[in-house]
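Working notes for the structure below.
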Amino acid sequence: MNKTIRRASVFCLLLVLALLVRVTWVQAYQGQALADDKNNRRNLIGQYENPLGNIIVGGTAITGSAKTDGKDFGYKRTYTDGPLYAPITGYSSQAFGTSMLEGVFKNVLNGSDSRLKTVMDILTNKRADPGNVLTTIDKDVQKAAYDALDGKQGAAVAIDPATGEILAVVNNPSYDPGRISGAGDQAAWDELSADKGKAMENVALRKPQAPGSTFKLVTLAAAIENGLVSSIDQPTGVPGDYTIPGTRTKLPSEAGDAACNNVSARTALKLSCNNVFAELASKLGQDKMRAMAEKLGFNTQIDTPVRTNPPSKYPSKKLSVDQVAQTGIGQFDVQATPLQMAMVTSAIENGGKLVAPHMVSEVTDSGGTVLESFKDPKVQQVMSPRTASMLQDAMRTVATEGGGKPAQVAGAEVGGKTGTAQRGVNNNIPPLAWFTSYGKAGGKQIAVAVMIENSDTDRSEIGGGRLAAPIAQKMMAAWLKK
């Protein structure tokens with residue numbers, strides 16, 4: 001054979017061998033990675049090739065699937081009462097991905113989760129029938145909160161303290177996730193994303209803000225647990241004319257210096273006396289205050305299973321004594337979501353036990369077989385039963401004699417705490433109006449937190465009672481009167 005032809009033949013053979021090695025490598029070792037790559041459009045097409053599984057509230061699906069006329073996607077996600085349940089479902093969009101429960105359980109809902117596959121699915125490499133997500137949401141509590149928030153900007157959360165089941169998560173403004181579920185919904189997405197995406201912002205779970213005087217519950221819990229307060233009816237000795245420690249700045253209370261002079265913890269909570277709680281916090285110190293807050297969920301990402309990101313916050317960096325005092329009244333760098341404050345009240349109502357909050361009870365396959373259960377949540381004793389009982393007692397006084405009167409539910413025991421959180425330089429931004437409460441009757445119990453943003457209320461403590469407490473009342477009544 002000609003030497004040149006022989007060399008060319010060997011070179012071509014090497015090229016063929018190299019090609020075979022490369023093909024074998026791709027198919028045997030890289031095939032799955034390429035198939036699972038997020039940029040592989042075949043995966044997205046596969047997700048919407050068939051109807052999706054459903055998210056369920058009270059035995060009824062609040063999601064569905066509709067046949068499309070498109071070439072790529074056979075179906076798209078639909079929603080029943082989309083704005084009502086958007087903070088829970090999130091969206092499942094062919095163009096913009098997924099969020100909230102749609103995102104957490106995407107693989108179950110689109111049938112790609114390996115737990116869904118039958119033997120035949122494995123043998124034929126067929127996508128399994130999709131599964132379903134059963135929530136703990138109570139439709140009546142959810143609707144009561146949604147209707148009560150109409151015309152207001154704010155959020156609300158309700159929890160069953162005994163089980164940790166989240167009964168309601170509501171935001172206003174809200175949005176219809178069905179508007180962005182298709183492949184060509186850019187205009188709707190741009191509209192909803194305007195104004196920093198406020199319509200799609202999950203304020204109830206993912207926007208910590210100053211909790212104002214509702215945080216005084218945490219301060220009082222820390223004071224009782226650490227022996228600083230032994231009786232809620234004993235005078236505290238804190239003067240009404242109070243100067244923040246380490247400064248020359250007077251700290252006024254809305255009720256006035258005289259009304260808050262040397263009052264008991266019960267009266268201080270009822271009147272929301274800033275002097276008492278600032279002094280308690282300064283005496284406890286940052287470490288003890290932070291320890292109590294963290295037991296209740298601050299500085300921790302909570303998986304509901306939707307993750308609270310960023311988490312509610314009690315400052316970790318070293319604070320001066322005056323800054324610690326300010327944290328005692330829910331100001332300075334303290335931040336909380338409505339979920340977090342509902343957790344605080346839930347632990348108080350439940351004898352000091354905090355049951356991990358969750359909005360999903362079970363994840364099942366298409367036939368109802370349970371793939372994952374959340375019915376045995378983690379339980380922590382975050383304060384003594386005695387501390388919880390004293391706090392309940394003081395909160396009942398707020399609801400019967402103080403700013404929490406609008407939260408009363410006929411035939412039920414109700415305890416609450418109002419709050420107004422100042423914002424901006426020299427309070428130039430309208431305050432946040434807060435209210436958190438518990439209610440129990442007939443063996444049932446509920447803990448609620450409501451926060452109203454940008455209200456037109458005055459800047460007094462009564463703002464939380466006037467604006468937020470009536471919403472909490474409707475939520476509690478919807479649960480306790482069933």
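FYI, nothing fancy with the structure tokens labels: chains A, B, ... in order, residues from 1 per chain, ligands from 1 as they appear.
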Restrict the calculation to only C-alpha atoms, then for each residue of segment 151-215 of chain A with any atom at most 12 Å from an atom of segment 295-305 of chain A give the closest atom pair and their distance in Å to one decimal, rows by chain and rising residue number, as JSON lines.
```
{"residue": "A:Ile159", "atom": "CA", "partner": "A:Thr304", "partner_atom": "CA", "distance": 11.5}
{"residue": "A:Gly164", "atom": "CA", "partner": "A:Thr304", "partner_atom": "CA", "distance": 9.8}
{"residue": "A:Glu165", "atom": "CA", "partner": "A:Thr304", "partner_atom": "CA", "distance": 9.4}
{"residue": "A:Ile166", "atom": "CA", "partner": "A:Thr304", "partner_atom": "CA", "distance": 8.5}
{"residue": "A:Leu167", "atom": "CA", "partner": "A:Thr304", "partner_atom": "CA", "distance": 11.9}
{"residue": "A:Val169", "atom": "CA", "partner": "A:Thr304", "partner_atom": "CA", "distance": 11.2}
{"residue": "A:Leu205", "atom": "CA", "partner": "A:Ile302", "partner_atom": "CA", "distance": 9.2}
{"residue": "A:Arg206", "atom": "CA", "partner": "A:Gln301", "partner_atom": "CA", "distance": 10.0}
{"residue": "A:Pro208", "atom": "CA", "partner": "A:Phe298", "partner_atom": "CA", "distance": 10.2}
{"residue": "A:Phe215", "atom": "CA", "partner": "A:Leu296", "partner_atom": "CA", "distance": 11.3}
```
Query raised in the report: Where in segment 243-371 of chain A does DSSP assign alpha helix (DSSP H), given as number ranges by chain?
Result: A: 265-271, 274-284, 286-295, 321-327, 338-349
Query raised in the report: Using only C-alpha atoms, which residues sit within 10 Å of segment 387-399 of chain A once same-chain residues fewer than 4 positions away are excluded, as a VMD selection string?
Result: chain A and resid 217 to 218 220 to 225 229 to 233 265 to 272 345 347 to 353 382 to 383 403 to 408 413 to 418 436 to 439 465 469
Query raised in the report: Can you list, as JSON, numbers by chain, every protein, DNA or RNA residue that comes within 12 Å of Val108 of chain A when you count only C-alpha atoms, leaving out same-chain residues fewer than 3 positions away?
Result: {"A": [47, 52, 53, 54, 55, 101, 102, 103, 104, 105, 111, 112, 113, 114, 115, 116, 117, 127, 128, 129, 130, 131, 132, 133, 134, 362, 363, 364, 365, 366, 370, 371, 372]}
Keeping only C-alpha atoms, write the selected residues as an mmCIF file, in the first residue's frame.
```cif
data_model
loop_
_atom_site.group_PDB
_atom_site.id
_atom_site.type_symbol
_atom_site.label_atom_id
_atom_site.label_comp_id
_atom_site.auth_asym_id
_atom_site.auth_seq_id
_atom_site.Cartn_x
_atom_site.Cartn_y
_atom_site.Cartn_z
ATOM 1 C CA GLN A 47 -43.651 19.482 31.853
ATOM 2 C CA LEU A 52 -50.451 18.976 35.739
ATOM 3 C CA GLY A 53 -51.303 17.636 39.170
ATOM 4 C CA ASN A 54 -53.232 19.887 41.513
ATOM 5 C CA ILE A 55 -52.882 21.941 44.676
ATOM 6 C CA LEU A 101 -45.872 25.615 46.195
ATOM 7 C CA GLU A 102 -45.820 25.370 42.403
ATOM 8 C CA GLY A 103 -42.040 25.656 42.640
ATOM 9 C CA VAL A 104 -41.399 23.545 45.738
ATOM 10 C CA PHE A 105 -43.384 20.602 44.338
ATOM 11 C CA GLY A 111 -44.930 13.959 36.921
ATOM 12 C CA SER A 112 -41.126 13.927 36.764
ATOM 13 C CA ASP A 113 -40.593 12.978 40.424
ATOM 14 C CA SER A 114 -39.062 9.475 40.539
ATOM 15 C CA ARG A 115 -41.396 8.491 43.402
ATOM 16 C CA LEU A 116 -44.334 8.653 41.007
ATOM 17 C CA LYS A 117 -43.016 6.128 38.515
ATOM 18 C CA ARG A 127 -43.468 10.326 32.315
ATOM 19 C CA ALA A 128 -45.536 9.273 35.324
ATOM 20 C CA ASP A 129 -49.021 10.515 36.098
ATOM 21 C CA PRO A 130 -48.612 13.715 38.170
ATOM 22 C CA GLY A 131 -49.203 13.862 41.916
ATOM 23 C CA ASN A 132 -51.128 16.313 44.075
ATOM 24 C CA VAL A 133 -50.333 18.656 46.969
ATOM 25 C CA LEU A 134 -52.846 18.771 49.847
ATOM 26 C CA GLU A 362 -49.533 15.554 52.383
ATOM 27 C CA VAL A 363 -48.089 15.027 48.942
ATOM 28 C CA THR A 364 -49.692 12.122 47.070
ATOM 29 C CA ASP A 365 -49.485 10.307 43.754
ATOM 30 C CA SER A 366 -52.406 10.349 41.331
ATOM 31 C CA VAL A 370 -48.963 9.362 50.318
ATOM 32 C CA LEU A 371 -45.452 10.191 49.110
ATOM 33 C CA GLU A 372 -44.641 12.690 51.825
#
```
Query - All residues 10 Å or closer to Ile137 of chain A, only C-alpha atoms, same chain fewer than 5 positions away omitted, as number ranges by chain - result: A: 56-58, 85, 88, 142, 158-159, 165-169, 358-361
Query - Shell of 7 Å around Ile329 of chain A, only C-alpha atoms, local chain residues under 3 positions omitted, as a count of residues only - result: 8
Query raised in the report: Which one of A:Gln186, A:Met343, A:Gly419, A:Asp160 sits closest to Gly443 of chain A if you count only C-alpha atoms?
Result: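 Smallest distance to Gly443 of chain A is found for A:Asp160.
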Who sits within 6 Å of Gln153 of chain A, only C-alpha atoms, same chain under 2 positions skipped, as a compact mmCIF listing (two decimals) with N, CA, C and O atoms, in the first residue's frame:
```
# COMPACT_ATOMS: atom_id res chain seq x y z
N ASN A 172 -52.46 41.60 50.12
CA ASN A 172 -53.17 42.56 49.29
C ASN A 172 -52.26 43.77 49.09
O ASN A 172 -51.80 44.34 50.08
N ILE A 452 -50.92 46.03 58.38
CA ILE A 452 -51.42 46.95 57.37
C ILE A 452 -50.32 47.95 57.03
O ILE A 452 -49.78 48.63 57.91
N GLU A 453 -49.98 48.06 55.75
CA GLU A 453 -48.98 49.02 55.28
C GLU A 453 -49.66 50.28 54.74
O GLU A 453 -50.77 50.23 54.24
```
Report task. Check the DSSP output for the backbone and give back, as a list in words, the residues of segment 87-159 of chain A in strand (DSSP E or B). Result ->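 Of segment 87-159 of chain A, only Ser92, Ser93, Gly97, Thr98, Asn132, Val133, Leu134, Thr135, Gln153, Gly154, Ala155, Ala156, Val157, Ala158 and Ile159 of chain A fall in strand (DSSP E or B).
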Taking C-alpha atoms for each residue, export the selection above as a PDB file, in the first residue's frame.
```pdb
ATOM      1  CA  SER A  92     -46.418  27.858  37.137  1.00  0.00           C
ATOM      2  CA  SER A  93     -45.445  29.663  33.959  1.00  0.00           C
ATOM      3  CA  GLY A  97     -40.759  29.379  35.774  1.00  0.00           C
ATOM      4  CA  THR A  98     -42.425  28.556  39.081  1.00  0.00           C
ATOM      5  CA  ASN A 132     -51.128  16.313  44.075  1.00  0.00           C
ATOM      6  CA  VAL A 133     -50.333  18.656  46.969  1.00  0.00           C
ATOM      7  CA  LEU A 134     -52.846  18.771  49.847  1.00  0.00           C
ATOM      8  CA  THR A 135     -52.662  21.998  51.841  1.00  0.00           C
ATOM      9  CA  GLN A 153     -52.409  47.189  51.560  1.00  0.00           C
ATOM     10  CA  GLY A 154     -51.229  44.506  53.929  1.00  0.00           C
ATOM     11  CA  ALA A 155     -50.987  40.836  54.818  1.00  0.00           C
ATOM     12  CA  ALA A 156     -52.351  38.289  57.264  1.00  0.00           C
ATOM     13  CA  VAL A 157     -51.480  34.793  58.508  1.00  0.00           C
ATOM     14  CA  ALA A 158     -53.406  32.341  60.688  1.00  0.00           C
ATOM     15  CA  ILE A 159     -52.066  29.209  62.417  1.00  0.00           C
TER      16      ILE A 159
END
```
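The spacing separating atom CA of Asp333 of chain A from atom CA of Gly402 of chain A amounts to 27.0 Å.
Nearest-residue note for Gly240 of chain A: choosing from A:Gln209, A:Val10, A:Leu192, A:Asn275, the minimum distance belongs to A:Asn275, counting only C-alpha atoms.
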Query raised in the report: Taking into account only C-alpha atoms, which residue in the set A:Thr136, A:Thr247, A:Gln94, A:Thr118 is nearest to Ala183 of chain A?
Result: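 Counting only C-alpha atoms, the residue closest to Ala183 of chain A is A:Gln94.
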**Report entry** atom CA of Val324 of chain A to atom CA of Pro245 of chain A, distance in Å rounded to a single decimal
**Finding:** 9.3 Å
Mind running segment 167-224 of chain A against segment 70-83 of chain A at 9 Å and telling me each contacting residue's nearest atom pair with the distance in Å (one decimal), counting only C-alpha atoms, chain and number ascending, as JSON lines?
```
{"residue": "A:Asn171", "atom": "CA", "partner": "A:Pro83", "partner_atom": "CA", "distance": 8.9}
{"residue": "A:Asn172", "atom": "CA", "partner": "A:Pro83", "partner_atom": "CA", "distance": 8.9}
{"residue": "A:Pro173", "atom": "CA", "partner": "A:Pro83", "partner_atom": "CA", "distance": 8.6}
{"residue": "A:Ser174", "atom": "CA", "partner": "A:Pro83", "partner_atom": "CA", "distance": 5.3}
{"residue": "A:Tyr175", "atom": "CA", "partner": "A:Pro83", "partner_atom": "CA", "distance": 4.7}
{"residue": "A:Asp176", "atom": "CA", "partner": "A:Gly82", "partner_atom": "CA", "distance": 4.6}
{"residue": "A:Pro177", "atom": "CA", "partner": "A:Gly82", "partner_atom": "CA", "distance": 6.0}
{"residue": "A:Gly178", "atom": "CA", "partner": "A:Thr78", "partner_atom": "CA", "distance": 5.4}
{"residue": "A:Arg179", "atom": "CA", "partner": "A:Thr78", "partner_atom": "CA", "distance": 8.9}
{"residue": "A:Ser181", "atom": "CA", "partner": "A:Arg77", "partner_atom": "CA", "distance": 5.8}
{"residue": "A:Gly182", "atom": "CA", "partner": "A:Lys76", "partner_atom": "CA", "distance": 6.1}
{"residue": "A:Ala183", "atom": "CA", "partner": "A:Phe73", "partner_atom": "CA", "distance": 8.5}
```
